[in-house]
$ cat upload_29.tsv   # TSV, C-alpha atoms
chain	number	residue	atom	x	y	z
A	272	MET	CA	-12.46	17.68	-8.60
A	273	TRP	CA	-9.50	18.10	-6.22
A	274	ALA	CA	-11.68	17.17	-3.26
A	275	VAL	CA	-12.61	13.86	-4.90
A	276	LEU	CA	-9.09	12.77	-5.88
A	277	PRO	CA	-7.93	11.86	-2.35
A	278	MET	CA	-11.05	9.74	-1.90
A	279	ILE	CA	-10.38	7.99	-5.23
A	280	ALA	CA	-6.78	7.45	-4.10
A	281	ALA	CA	-7.89	5.78	-0.85
A	282	VAL	CA	-10.41	3.56	-2.65
A	283	GLY	CA	-7.83	2.70	-5.32
A	284	LEU	CA	-5.26	1.79	-2.69
A	285	GLY	CA	-7.75	-0.49	-1.00
A	286	ALA	CA	-8.72	-2.12	-4.31
A	287	SER	CA	-5.10	-2.61	-5.38
A	288	VAL	CA	-4.63	-5.06	-2.51
A	289	PHE	CA	-6.63	-7.58	-4.53
A	290	PHE	CA	-4.70	-7.04	-7.78
A	291	PRO	CA	-1.61	-9.17	-8.59
A	292	TRP	CA	1.50	-7.92	-6.78
A	293	LEU	CA	3.91	-10.69	-7.76
A	294	GLU	CA	3.88	-12.81	-10.87
A	295	ALA	CA	6.14	-15.79	-11.51
A	296	PHE	CA	5.84	-18.93	-13.58
A	297	GLY	CA	2.32	-18.13	-14.74
A	298	THR	CA	0.88	-17.60	-11.26
A	299	THR	CA	0.07	-14.34	-9.53
A	300	VAL	CA	-0.02	-13.41	-5.85
A	301	ASN	CA	-1.88	-10.46	-4.39
A	302	ALA	CA	-1.04	-8.56	-1.20
A	303	MET	CA	-3.28	-10.84	0.86
A	304	ASP	CA	-0.79	-13.68	0.23
A	305	ILE	CA	2.42	-11.78	1.03
A	306	ARG	CA	3.81	-12.02	4.55
A	307	LEU	CA	4.48	-8.62	6.06
A	308	ASP	CA	7.77	-9.68	7.66
A	309	SER	CA	9.19	-10.58	4.21
A	310	SER	CA	9.39	-6.85	3.52
A	311	TRP	CA	12.16	-6.25	6.06
A	312	THR	CA	13.47	-9.69	6.96
A	313	ASP	CA	16.94	-8.88	5.59
A	314	LEU	CA	17.14	-5.60	7.52
A	315	VAL	CA	16.50	-6.96	11.00
A	316	ASP	CA	15.76	-10.38	12.44
A	317	PHE	CA	12.07	-9.74	12.91
A	318	GLU	CA	9.11	-12.10	12.57
A	319	LEU	CA	5.40	-11.42	12.66
A	320	ASP	CA	3.58	-14.73	12.76
A	321	GLY	CA	0.38	-14.51	10.79
A	322	ALA	CA	0.77	-10.87	9.67
A	323	TRP	CA	0.02	-10.21	6.02
A	324	LEU	CA	0.69	-7.19	3.84
A	325	GLY	CA	-2.83	-7.04	2.37
A	326	PRO	CA	-4.80	-6.36	5.56
A	327	VAL	CA	-2.28	-3.70	6.59
A	328	VAL	CA	-2.59	-1.83	3.28
A	329	LEU	CA	-6.36	-2.27	3.32
A	330	ALA	CA	-6.55	-0.86	6.87
A	331	ILE	CA	-4.46	2.14	5.80
A	332	ALA	CA	-6.80	2.74	2.86
A	333	VAL	CA	-9.93	2.48	5.03
A	334	LEU	CA	-8.41	4.84	7.59
A	335	GLY	CA	-7.58	7.33	4.85
A	336	PHE	CA	-11.10	7.06	3.40
A	337	LEU	CA	-12.67	7.67	6.82
A	338	MET	CA	-10.42	10.67	7.42
A	339	ILE	CA	-11.62	12.21	4.16
A	340	LEU	CA	-15.26	11.73	5.13
A	341	LEU	CA	-14.76	13.21	8.59
A	342	ARG	CA	-14.10	16.85	7.83
A	343	SER	CA	-13.31	17.52	11.50
A	344	VAL	CA	-10.05	15.55	11.19
A	345	PRO	CA	-7.21	17.90	10.23
A	346	ALA	CA	-5.75	17.33	6.77
A	347	VAL	CA	-2.29	16.72	8.24
A	348	PHE	CA	-3.47	13.41	9.67
A	349	TYR	CA	-4.67	12.30	6.25
A	350	ARG	CA	-1.26	13.19	4.85
A	351	ILE	CA	0.42	11.12	7.58
A	352	VAL	CA	-1.73	8.15	6.56
A	353	GLY	CA	-0.57	8.73	2.98
A	354	ILE	CA	3.06	8.78	4.07
A	355	VAL	CA	2.57	5.52	5.99
A	356	ALA	CA	1.00	3.99	2.86
A	357	ILE	CA	3.99	5.08	0.78
A	358	ALA	CA	6.38	3.63	3.37
A	359	VAL	CA	4.62	0.24	3.45
A	360	VAL	CA	4.51	-0.04	-0.35
A	361	ALA	CA	8.13	1.17	-0.61
A	362	MET	CA	9.23	-1.54	1.83
A	363	PHE	CA	7.56	-4.12	-0.42
A	364	PHE	CA	9.40	-2.75	-3.46
A	365	ARG	CA	12.70	-2.68	-1.58
A	366	ALA	CA	12.30	-6.33	-0.62
A	367	ALA	CA	11.19	-7.32	-4.13
A	368	ILE	CA	14.12	-5.52	-5.75
A	369	ALA	CA	16.60	-6.98	-3.26
A	370	GLY	CA	15.28	-10.46	-4.01
A	371	ASP	CA	14.67	-10.61	-7.74
A	372	GLY	CA	14.56	-7.08	-9.09
A	373	PHE	CA	11.53	-5.70	-10.88
A	374	GLU	CA	11.12	-8.84	-12.98
A	375	PHE	CA	8.38	-10.44	-10.86
A	376	VAL	CA	6.60	-7.32	-9.59
A	377	ALA	CA	3.10	-7.23	-11.08
A	378	TRP	CA	0.89	-4.25	-11.88
A	379	GLY	CA	-1.06	-4.32	-8.61
A	380	ALA	CA	2.01	-3.22	-6.69
A	381	TYR	CA	2.55	-0.35	-9.12
A	382	ALA	CA	-1.11	0.63	-8.71
A	383	ALA	CA	-0.67	0.63	-4.93
A	384	ALA	CA	2.41	2.82	-5.26
A	385	GLY	CA	0.58	5.27	-7.50
A	386	PHE	CA	-2.51	5.46	-5.32
A	387	SER	CA	-0.43	5.88	-2.17
A	388	LEU	CA	1.32	8.84	-3.80
A	389	LEU	CA	-2.05	10.30	-4.77
A	390	MET	CA	-3.04	10.20	-1.10
A	391	LEU	CA	-0.68	13.13	-0.57
A	392	ILE	CA	-2.97	15.38	-2.63
A	393	PRO	CA	-4.60	17.96	-0.37
A	394	ARG	CA	-8.21	17.09	0.34
A	395	ASN	CA	-9.44	20.72	0.27
$ encode --input "upload_29.tsv" --output "structure tokens"
Amino acid sequence: MWAVLPMIAAVGLGASVFFPWLEAFGTTVNAMDIRLDSSWTDLVDFELDGAWLGPVVLAIAVLGFLMILLRSVPAVFYRIVGIVAIAVVAMFFRAAIAGDGFEFVAWGAYAAAGFSLLMLIPRN
């Protein structure tokens, strides 16, 4: 069971990209529609033209899934991928809270946060 949980976490993180992350005025937005630079725009004057949060989180999830399948990759690298996933999702939450608080954060972002934390479970 413990060997399957990290794989479920990686798949869940990848799937959560397509769930609603923000909800306002009856409309929802998933991670594919959130600009990556909006996560830290108030920290530094930084712009990434055309970069979106969804593909980044999806790439992290795919990388984590592949690292689970390849048993030759040391577990520490899978944990690093999990820490990067937590950092990316935490930056989204920091930006959302700085802007409007938790009021508009939808359940997909919470799912991504939970699955990224589950990626820290040892795979062995």
$ residues_around --input "upload_29.tsv" --residues "Ala302 of chain A" --least-positions-apart "4" --cutoff "6 Å" --atoms "all atoms listed in the file" --output "short mmCIF file (atom, residue, chain, number, x, y, z; two decimals) with C-alpha atoms, in the frame of the given file"
data_model
loop_
_atom_site.label_atom_id
_atom_site.label_comp_id
_atom_site.auth_asym_id
_atom_site.auth_seq_id
_atom_site.Cartn_x
_atom_site.Cartn_y
_atom_site.Cartn_z
CA VAL A 288 -4.63 -5.06 -2.51
CA LEU A 324 0.69 -7.19 3.84
CA GLY A 325 -2.83 -7.04 2.37
#
$ residues_around --input "upload_29.tsv" --residues "segment 298-301 of chain A" --least-positions-apart "4" --cutoff "8 Å" --atoms "all atoms listed in the file" --output "NGL selection string"
:A and (288-294 or 305 or 325 or 377 or 379)
$ closest_residue --input "upload_29.tsv" --among "A:Leu337, A:Leu307, A:Ala286, A:Ala382" --to "Phe363 of chain A" --atoms "all atoms listed in the file"
A:Leu307
$ atom_distance --input "upload_29.tsv" --atom1 "atom CA of Arg350 of chain A" --atom2 "atom CA of Ile368 of chain A"
26.4 Å
$ atom_distance --input "upload_29.tsv" --atom1 "atom CA of Ile392 of chain A" --atom2 "atom CA of Leu276 of chain A"
7.4 Å
$ atom_distance --input "upload_29.tsv" --atom1 "atom CA of Ala332 of chain A" --atom2 "atom CA of Gly297 of chain A"
28.8 Å
$ closest_residue --input "upload_29.tsv" --among "A:Pro277, A:Glu374, A:Leu284, A:Arg365" --to "Val333 of chain A" --atoms "all atoms listed in the file"
A:Leu284
$ closest_residue --input "upload_29.tsv" --among "A:Pro393, A:Ala380, A:Val275, A:Met303" --to "Ile351 of chain A" --atoms "all atoms listed in the file"
A:Pro393
$ closest_residue --input "upload_29.tsv" --among "A:Val347, A:Ala295, A:Leu334, A:Val327" --to "Val376 of chain A" --atoms "all atoms listed in the file"
A:Ala295
$ closest_residue --input "upload_29.tsv" --among "A:Leu340, A:Phe296, A:Val359, A:Val282" --to "Phe375 of chain A" --atoms "all atoms listed in the file"
A:Phe296
$ closest_residue --input "upload_29.tsv" --among "A:Val328, A:Met338, A:Ile354, A:Ala369" --to "Ala383 of chain A" --atoms "all atoms listed in the file"
A:Val328
$ residues_around --input "upload_29.tsv" --residues "Ser387 of chain A" --least-positions-apart "4" --cutoff "6 Å" --atoms "all atoms listed in the file" --output "PyMOL selection string"
chain A and resi 353+356-357+383
$ write_last_selection --input "upload_29.tsv" --atoms "C-alpha atoms" --output "PDB file, in the frame of the given file"
ATOM      1  CA  GLY A 353      -0.570   8.730   2.980  1.00  0.00           C
ATOM      2  CA  ALA A 356       1.000   3.990   2.860  1.00  0.00           C
ATOM      3  CA  ILE A 357       3.990   5.080   0.780  1.00  0.00           C
ATOM      4  CA  ALA A 383      -0.670   0.630  -4.930  1.00  0.00           C
TER       5      ALA A 383
END
